[in-house]
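Data block below; observations after.
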Amino acid sequence: TEQGKFRGPVLGPIGFYCKIYPGKEEFAALAESALPPGTLDRFVVCNDADRKLFQKIRREAGCHLDCGVFQQSPHARYSIPDPPQIEGVETIASVIAVQNDLVFNCMVDHCKIDEKALTRSKEDSERKLLIRDNNGRNAIRGGKIREVYTLPRGDNWKVTKGGNIQMISNSRKLSQSIGVDMEHAISDARAELQSLEE
């Protein structure tokens with residue numbers, strides 16, 4: 001491999017590969033706030049050499065902020081469980097459509113997009129997702145769900161290993177930068193039209 005050249009794909013920024021699924025706009029800003037800060041601005045590489053080269057280029061360009069890169073092994077797109085089939089409960093993965101397999105896998109591994117539930121309110125989330133076992137310990141319904149984010153402010157809660165609820169208030173303003181995936185909406189509309197014509 002030539003020195004100064006990337007050996008594998010360099011993808012990014014991550015936000016370029018993300019769209020909001022049609023009909024999920026209500027949860028778009030909440031889904032973004034549940035991502036670790038700076039995620040949508042980061043890049044993805046596949047090996048140590050490319051990560052080091054990427055960081056070198058950033059330094060030479062005068063960028064001295066966070067490294068801005070995730071390293072992800074290339075694999076076929078992960079198969080993740082569907083979100084809990086509970087009205088008004090989504091996950092980041094069911095709200096944000098990721099249009100590249102490597103970026104999707106990176107967001108599963110580094111951002112836990114399949115483990116963070118999104119709901120309309122704290123009260124609604126507790127009613128639908130909080131359960132108590134026979135020993136009086138709290139748990140979260142929904143399989144892989146580990147954290148629950150709520151509208152309107154983006155506060156979140158989780159259940160500790162001891163079964164206690166840990167509530168975290170969000171101090172950042174919710175904002176949406178990812179657009180809606182209109183291609184998916186158009187495809188759905190065409191399929192519906194075709195079924196009506198038959």
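Ordering of the structure tokens sets the chain letters (A, B, ...); residue numbers start at 1 within each chain; ligands are numbered from 1 in the order shown.
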
>> List as JSON, numbers by chain the protein and nucleic acid residues near Ile178 in chain A, meaning an atom at most 9 Å away when only C-alpha atoms are counted, but skip any in the same chain fewer than 2 places from it.
In response: {"A": [15, 16, 18, 19, 20, 28, 29, 32, 96, 176, 180]}

>> Set the distance at 12 Å and use only C-alpha atoms: which residues neighbour Glu183 in chain A once local chain neighbours fewer than 5 positions away are removed? I'd like the list as a list of chain:residue names.
In response: A:Lys19, A:Ile20, A:Tyr21, A:Pro22, A:Ala97, A:Gln99, A:Asp188, A:Ala189, A:Arg190

Selected residues, all heavy atoms, written as a PDB file, in the first residue's frame, please.
ATOM      1  N   LYS A  19     -31.167   9.274   7.648  1.00  0.00           N
ATOM      2  CA  LYS A  19     -32.437   9.933   7.340  1.00  0.00           C
ATOM      3  C   LYS A  19     -33.435   9.508   8.413  1.00  0.00           C
ATOM      4  O   LYS A  19     -33.260   8.488   9.073  1.00  0.00           O
ATOM      5  CB  LYS A  19     -32.972   9.511   5.963  1.00  0.00           C
ATOM      6  CG  LYS A  19     -32.075   9.870   4.797  1.00  0.00           C
ATOM      7  CD  LYS A  19     -32.194  11.324   4.461  1.00  0.00           C
ATOM      8  CE  LYS A  19     -31.397  11.626   3.207  1.00  0.00           C
ATOM      9  NZ  LYS A  19     -30.674  12.865   3.287  1.00  0.00           N
ATOM     10  N   ILE A  20     -34.506  10.272   8.527  1.00  0.00           N
ATOM     11  CA  ILE A  20     -35.579   9.907   9.455  1.00  0.00           C
ATOM     12  C   ILE A  20     -36.617   9.110   8.674  1.00  0.00           C
ATOM     13  O   ILE A  20     -37.022   9.504   7.583  1.00  0.00           O
ATOM     14  CB  ILE A  20     -36.230  11.163  10.068  1.00  0.00           C
ATOM     15  CG1 ILE A  20     -35.192  11.994  10.829  1.00  0.00           C
ATOM     16  CG2 ILE A  20     -37.407  10.784  10.970  1.00  0.00           C
ATOM     17  CD1 ILE A  20     -34.496  11.279  11.959  1.00  0.00           C
ATOM     18  N   TYR A  21     -37.026   7.966   9.216  1.00  0.00           N
ATOM     19  CA  TYR A  21     -38.074   7.184   8.573  1.00  0.00           C
ATOM     20  C   TYR A  21     -39.359   8.010   8.507  1.00  0.00           C
ATOM     21  O   TYR A  21     -39.705   8.687   9.475  1.00  0.00           O
ATOM     22  CB  TYR A  21     -38.362   5.886   9.351  1.00  0.00           C
ATOM     23  CG  TYR A  21     -37.349   4.796   9.153  1.00  0.00           C
ATOM     24  CD1 TYR A  21     -36.535   4.395  10.209  1.00  0.00           C
ATOM     25  CD2 TYR A  21     -37.206   4.149   7.934  1.00  0.00           C
ATOM     26  CE1 TYR A  21     -35.599   3.382  10.056  1.00  0.00           C
ATOM     27  CE2 TYR A  21     -36.277   3.134   7.767  1.00  0.00           C
ATOM     28  CZ  TYR A  21     -35.481   2.752   8.825  1.00  0.00           C
ATOM     29  OH  TYR A  21     -34.559   1.754   8.670  1.00  0.00           O
ATOM     30  N   PRO A  22     -40.071   7.947   7.378  1.00  0.00           N
ATOM     31  CA  PRO A  22     -41.352   8.665   7.288  1.00  0.00           C
ATOM     32  C   PRO A  22     -42.301   8.211   8.399  1.00  0.00           C
ATOM     33  O   PRO A  22     -42.361   7.027   8.731  1.00  0.00           O
ATOM     34  CB  PRO A  22     -41.897   8.263   5.911  1.00  0.00           C
ATOM     35  CG  PRO A  22     -40.720   7.779   5.151  1.00  0.00           C
ATOM     36  CD  PRO A  22     -39.759   7.213   6.158  1.00  0.00           C
ATOM     37  N   ALA A  97     -33.017   5.975   9.775  1.00  0.00           N
ATOM     38  CA  ALA A  97     -32.640   5.019   8.728  1.00  0.00           C
ATOM     39  C   ALA A  97     -31.174   5.274   8.375  1.00  0.00           C
ATOM     40  O   ALA A  97     -30.804   6.376   7.982  1.00  0.00           O
ATOM     41  CB  ALA A  97     -33.517   5.221   7.492  1.00  0.00           C
ATOM     42  N   GLN A  99     -28.181   4.418   5.927  1.00  0.00           N
ATOM     43  CA  GLN A  99     -28.137   3.935   4.550  1.00  0.00           C
ATOM     44  C   GLN A  99     -26.825   3.273   4.145  1.00  0.00           C
ATOM     45  O   GLN A  99     -26.589   3.088   2.960  1.00  0.00           O
ATOM     46  CB  GLN A  99     -28.466   5.105   3.621  1.00  0.00           C
ATOM     47  CG  GLN A  99     -29.847   5.653   3.921  1.00  0.00           C
ATOM     48  CD  GLN A  99     -30.103   6.997   3.269  1.00  0.00           C
ATOM     49  OE1 GLN A  99     -29.192   7.743   2.983  1.00  0.00           O
ATOM     50  NE2 GLN A  99     -31.372   7.283   3.034  1.00  0.00           N
ATOM     51  N   ASP A 188     -43.175   3.565  -0.578  1.00  0.00           N
ATOM     52  CA  ASP A 188     -44.376   3.075   0.105  1.00  0.00           C
ATOM     53  C   ASP A 188     -45.642   3.542  -0.615  1.00  0.00           C
ATOM     54  O   ASP A 188     -46.599   2.784  -0.767  1.00  0.00           O
ATOM     55  CB  ASP A 188     -44.410   3.558   1.555  1.00  0.00           C
ATOM     56  CG  ASP A 188     -43.431   2.822   2.446  1.00  0.00           C
ATOM     57  OD1 ASP A 188     -42.850   1.813   1.992  1.00  0.00           O
ATOM     58  OD2 ASP A 188     -43.243   3.258   3.602  1.00  0.00           O
ATOM     59  N   ALA A 189     -45.650   4.802  -1.059  1.00  0.00           N
ATOM     60  CA  ALA A 189     -46.823   5.353  -1.761  1.00  0.00           C
ATOM     61  C   ALA A 189     -47.049   4.625  -3.084  1.00  0.00           C
ATOM     62  O   ALA A 189     -48.190   4.326  -3.452  1.00  0.00           O
ATOM     63  CB  ALA A 189     -46.639   6.848  -1.996  1.00  0.00           C
ATOM     64  N   ARG A 190     -45.970   4.322  -3.804  1.00  0.00           N
ATOM     65  CA  ARG A 190     -46.094   3.580  -5.078  1.00  0.00           C
ATOM     66  C   ARG A 190     -46.659   2.185  -4.840  1.00  0.00           C
ATOM     67  O   ARG A 190     -47.506   1.725  -5.588  1.00  0.00           O
ATOM     68  CB  ARG A 190     -44.730   3.488  -5.764  1.00  0.00           C
ATOM     69  CG  ARG A 190     -44.328   4.751  -6.454  1.00  0.00           C
ATOM     70  CD  ARG A 190     -43.073   4.545  -7.290  1.00  0.00           C
ATOM     71  NE  ARG A 190     -42.717   5.791  -7.921  1.00  0.00           N
ATOM     72  CZ  ARG A 190     -41.497   6.283  -7.982  1.00  0.00           C
ATOM     73  NH1 ARG A 190     -40.485   5.610  -7.458  1.00  0.00           N
ATOM     74  NH2 ARG A 190     -41.256   7.428  -8.566  1.00  0.00           N
TER      75      ARG A 190
END

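When only C-alpha atoms are used to compute distances to Lys116 in chain A, the closest of the residues A:Arg7, A:Arg153, A:Lys144, A:Lys161 turns out to be A:Lys144.
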
>> Between A:Gly8, A:Gly62, A:Gly23, A:Pro13, which residue has the minimum interatomic distance to Asp50 in chain A, considering only C-alpha atoms?
In response: A:Gly8

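Across A:Ala191, A:Leu11, A:Leu129, A:Ile113, the tightest approach to Ala34 in chain A is made by A:Ile113 when counting only C-alpha atoms.
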
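Closest approach to Gly162 in chain A from the set A:Ala139, A:Ala31, A:Leu53, A:Ile14 is made by A:Ala139, with distances taken over only C-alpha atoms.
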
>> Please identify the alpha helix (DSSP H) residues within range 7-196 of chain A (assignment by DSSP from backbone atoms) and present them as a PyMOL selection string.
In response: chain A and resi 28-33+48-60+92-95+101-111+122-129+182-196

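In terms of minimum interatomic distance to Ile80 in chain A, A:Gly143 ranks closest within A:Gly68, A:Pro9, A:Gly143, A:Gly38, counting only C-alpha atoms.
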
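Remark: for Ile145 in chain A, the closest of the candidate residues A:Thr160, A:Thr91, A:Thr39, A:Ser175 is A:Thr91 (distances computed over only C-alpha atoms).
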
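A straight line drawn from CA of Lys112 in chain A to CA of Val45 in chain A is 18.3 Å long.
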
> Using the chain letters and numbers from this document, which residues of chain A does DSSP assign to strand (DSSP E or B), as a ChimeraX atom specification?
Replying inline: /A:11,18-20,43-45,69-71,90-91,96-98,116-119,130-132,138-140,147-150,155-159,165-168,180

Take the residues just selected and output them with N, CA and C atoms as a short mmCIF file (atom, residue, chain, number, x, y, z; two decimals), in the first residue's frame.
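Saved as part.cif:
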data_model
loop_
_atom_site.label_atom_id
_atom_site.label_comp_id
_atom_site.auth_asym_id
_atom_site.auth_seq_id
_atom_site.Cartn_x
_atom_site.Cartn_y
_atom_site.Cartn_z
N LEU A 11 -15.73 6.61 5.57
CA LEU A 11 -17.12 7.04 5.40
C LEU A 11 -17.45 8.16 6.38
N CYS A 18 -27.63 9.20 7.23
CA CYS A 18 -28.80 9.07 8.09
C CYS A 18 -29.98 9.87 7.57
N LYS A 19 -31.17 9.27 7.65
CA LYS A 19 -32.44 9.93 7.34
C LYS A 19 -33.44 9.51 8.41
N ILE A 20 -34.51 10.27 8.53
CA ILE A 20 -35.58 9.91 9.46
C ILE A 20 -36.62 9.11 8.67
N PHE A 43 -16.43 10.28 11.42
CA PHE A 43 -16.17 9.45 10.25
C PHE A 43 -15.94 8.02 10.72
N VAL A 44 -16.00 7.07 9.79
CA VAL A 44 -15.81 5.65 10.10
C VAL A 44 -14.70 5.11 9.20
N VAL A 45 -13.73 4.43 9.81
CA VAL A 45 -12.67 3.74 9.07
C VAL A 45 -12.64 2.28 9.53
N VAL A 69 -13.31 10.10 14.74
CA VAL A 69 -13.34 8.90 13.90
C VAL A 69 -13.65 7.67 14.75
N PHE A 70 -14.50 6.81 14.20
CA PHE A 70 -14.76 5.50 14.79
C PHE A 70 -14.05 4.46 13.94
N GLN A 71 -13.53 3.43 14.56
CA GLN A 71 -12.95 2.32 13.82
C GLN A 71 -13.90 1.14 13.94
N GLU A 90 -40.43 3.73 20.47
CA GLU A 90 -39.53 3.51 19.35
C GLU A 90 -38.13 3.30 19.89
N THR A 91 -37.19 2.98 19.01
CA THR A 91 -35.77 3.01 19.34
C THR A 91 -35.10 3.95 18.36
N ILE A 96 -34.19 6.41 12.96
CA ILE A 96 -33.15 6.86 12.04
C ILE A 96 -32.79 5.73 11.07
N ALA A 97 -33.02 5.97 9.77
CA ALA A 97 -32.64 5.02 8.73
C ALA A 97 -31.17 5.27 8.38
N VAL A 98 -30.34 4.26 8.55
CA VAL A 98 -28.91 4.38 8.24
C VAL A 98 -28.67 3.68 6.92
N LYS A 116 -31.70 1.95 22.98
CA LYS A 116 -32.23 3.19 23.55
C LYS A 116 -33.65 3.41 23.04
N ALA A 117 -34.61 3.34 23.97
CA ALA A 117 -36.01 3.54 23.63
C ALA A 117 -36.34 5.03 23.66
N LEU A 118 -37.33 5.41 22.84
CA LEU A 118 -37.80 6.79 22.74
C LEU A 118 -39.30 6.80 23.01
N THR A 119 -39.74 7.70 23.89
CA THR A 119 -41.17 7.75 24.24
C THR A 119 -41.65 9.21 24.34
N LEU A 130 -41.59 0.20 32.36
CA LEU A 130 -41.06 -0.13 33.68
C LEU A 130 -41.85 -1.29 34.29
N ILE A 131 -41.14 -2.32 34.69
CA ILE A 131 -41.79 -3.47 35.33
C ILE A 131 -41.08 -3.76 36.66
N ARG A 132 -41.78 -4.45 37.53
CA ARG A 132 -41.22 -4.80 38.84
C ARG A 132 -41.31 -6.32 38.98
N ASN A 138 -36.83 -3.26 40.00
CA ASN A 138 -37.27 -2.69 38.73
C ASN A 138 -36.50 -3.27 37.57
N ALA A 139 -37.14 -3.29 36.41
CA ALA A 139 -36.50 -3.73 35.17
C ALA A 139 -37.19 -3.00 34.01
N ILE A 140 -36.57 -3.09 32.82
CA ILE A 140 -37.14 -2.46 31.63
C ILE A 140 -37.69 -3.55 30.72
N GLU A 147 -31.85 1.94 28.05
CA GLU A 147 -32.10 3.32 28.44
C GLU A 147 -33.37 3.79 27.76
N VAL A 148 -34.07 4.73 28.41
CA VAL A 148 -35.33 5.25 27.88
C VAL A 148 -35.24 6.78 27.85
N TYR A 149 -35.42 7.36 26.66
CA TYR A 149 -35.38 8.82 26.47
C TYR A 149 -36.80 9.31 26.24
N THR A 150 -37.11 10.48 26.84
CA THR A 150 -38.48 10.97 26.81
C THR A 150 -38.58 12.39 26.27
N ASP A 155 -34.97 14.06 28.59
CA ASP A 155 -34.52 13.41 29.82
C ASP A 155 -34.50 11.90 29.59
N ASN A 156 -33.70 11.18 30.39
CA ASN A 156 -33.68 9.72 30.21
C ASN A 156 -33.54 9.03 31.55
N TRP A 157 -33.92 7.76 31.53
CA TRP A 157 -33.79 6.95 32.73
C TRP A 157 -33.34 5.54 32.34
N LYS A 158 -32.76 4.88 33.32
CA LYS A 158 -32.37 3.48 33.15
C LYS A 158 -32.48 2.81 34.51
N VAL A 159 -32.41 1.50 34.49
CA VAL A 159 -32.47 0.73 35.73
C VAL A 159 -31.07 0.20 36.00
N ILE A 165 -34.03 2.94 39.80
CA ILE A 165 -34.19 3.80 38.64
C ILE A 165 -33.23 4.97 38.76
N GLN A 166 -32.46 5.21 37.70
CA GLN A 166 -31.56 6.36 37.65
C GLN A 166 -32.10 7.32 36.60
N MET A 167 -32.47 8.52 37.02
CA MET A 167 -33.04 9.54 36.12
C MET A 167 -31.97 10.57 35.81
N ILE A 168 -31.84 10.95 34.52
CA ILE A 168 -30.86 11.95 34.10
C ILE A 168 -31.59 13.04 33.33
N VAL A 180 -35.89 13.83 6.48
CA VAL A 180 -36.78 12.68 6.33
C VAL A 180 -36.41 11.92 5.06
#

>> Residues within 9 Å of range 73-75 of chain A, please, as a ChimeraX atom specification. Count only C-alpha atoms; anything in the same chain fewer than 5 positions from it doesn't count.
In response: /A:45-47,101-102,105-106

> Any idea what's packed within 10 Å of Gly88 in chain A, counting only C-alpha atoms, ignoring anything in its chain fewer than 5 positions away? Could you give it as a PyMOL selection string?
Replying inline: chain A and resi 27+118-121+124-125+128

Grab the residues selected above and save them as a compact mmCIF listing (two decimals), in the first residue's frame with N, CA, C and O atoms.
# COMPACT_ATOMS: atom_id res chain seq x y z
N PHE A 27 -40.23 11.79 16.76
CA PHE A 27 -39.13 11.35 17.61
C PHE A 27 -37.74 11.72 17.06
O PHE A 27 -36.73 11.34 17.64
N LEU A 118 -37.33 5.41 22.84
CA LEU A 118 -37.80 6.79 22.74
C LEU A 118 -39.30 6.80 23.01
O LEU A 118 -40.03 6.00 22.43
N THR A 119 -39.74 7.70 23.89
CA THR A 119 -41.17 7.75 24.24
C THR A 119 -41.65 9.21 24.34
O THR A 119 -40.84 10.13 24.37
N ARG A 120 -42.96 9.38 24.42
CA ARG A 120 -43.56 10.72 24.42
C ARG A 120 -43.43 11.45 25.75
O ARG A 120 -43.45 12.67 25.79
N SER A 121 -43.35 10.74 26.87
CA SER A 121 -43.23 11.39 28.18
C SER A 121 -42.66 10.40 29.19
O SER A 121 -42.69 9.18 28.97
N ASP A 124 -45.51 8.20 30.47
CA ASP A 124 -45.86 7.21 29.45
C ASP A 124 -44.82 6.10 29.40
O ASP A 124 -45.14 4.92 29.33
N SER A 125 -43.54 6.49 29.46
CA SER A 125 -42.46 5.49 29.39
C SER A 125 -42.50 4.54 30.57
O SER A 125 -42.32 3.34 30.43
N LYS A 128 -45.41 2.09 30.25
CA LYS A 128 -45.27 1.09 29.19
C LYS A 128 -44.03 0.21 29.31
O LYS A 128 -44.02 -0.92 28.83

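Here CA of Arg127 in chain A stands at a distance of 28.3 Å from CA of Ser79 in chain A.
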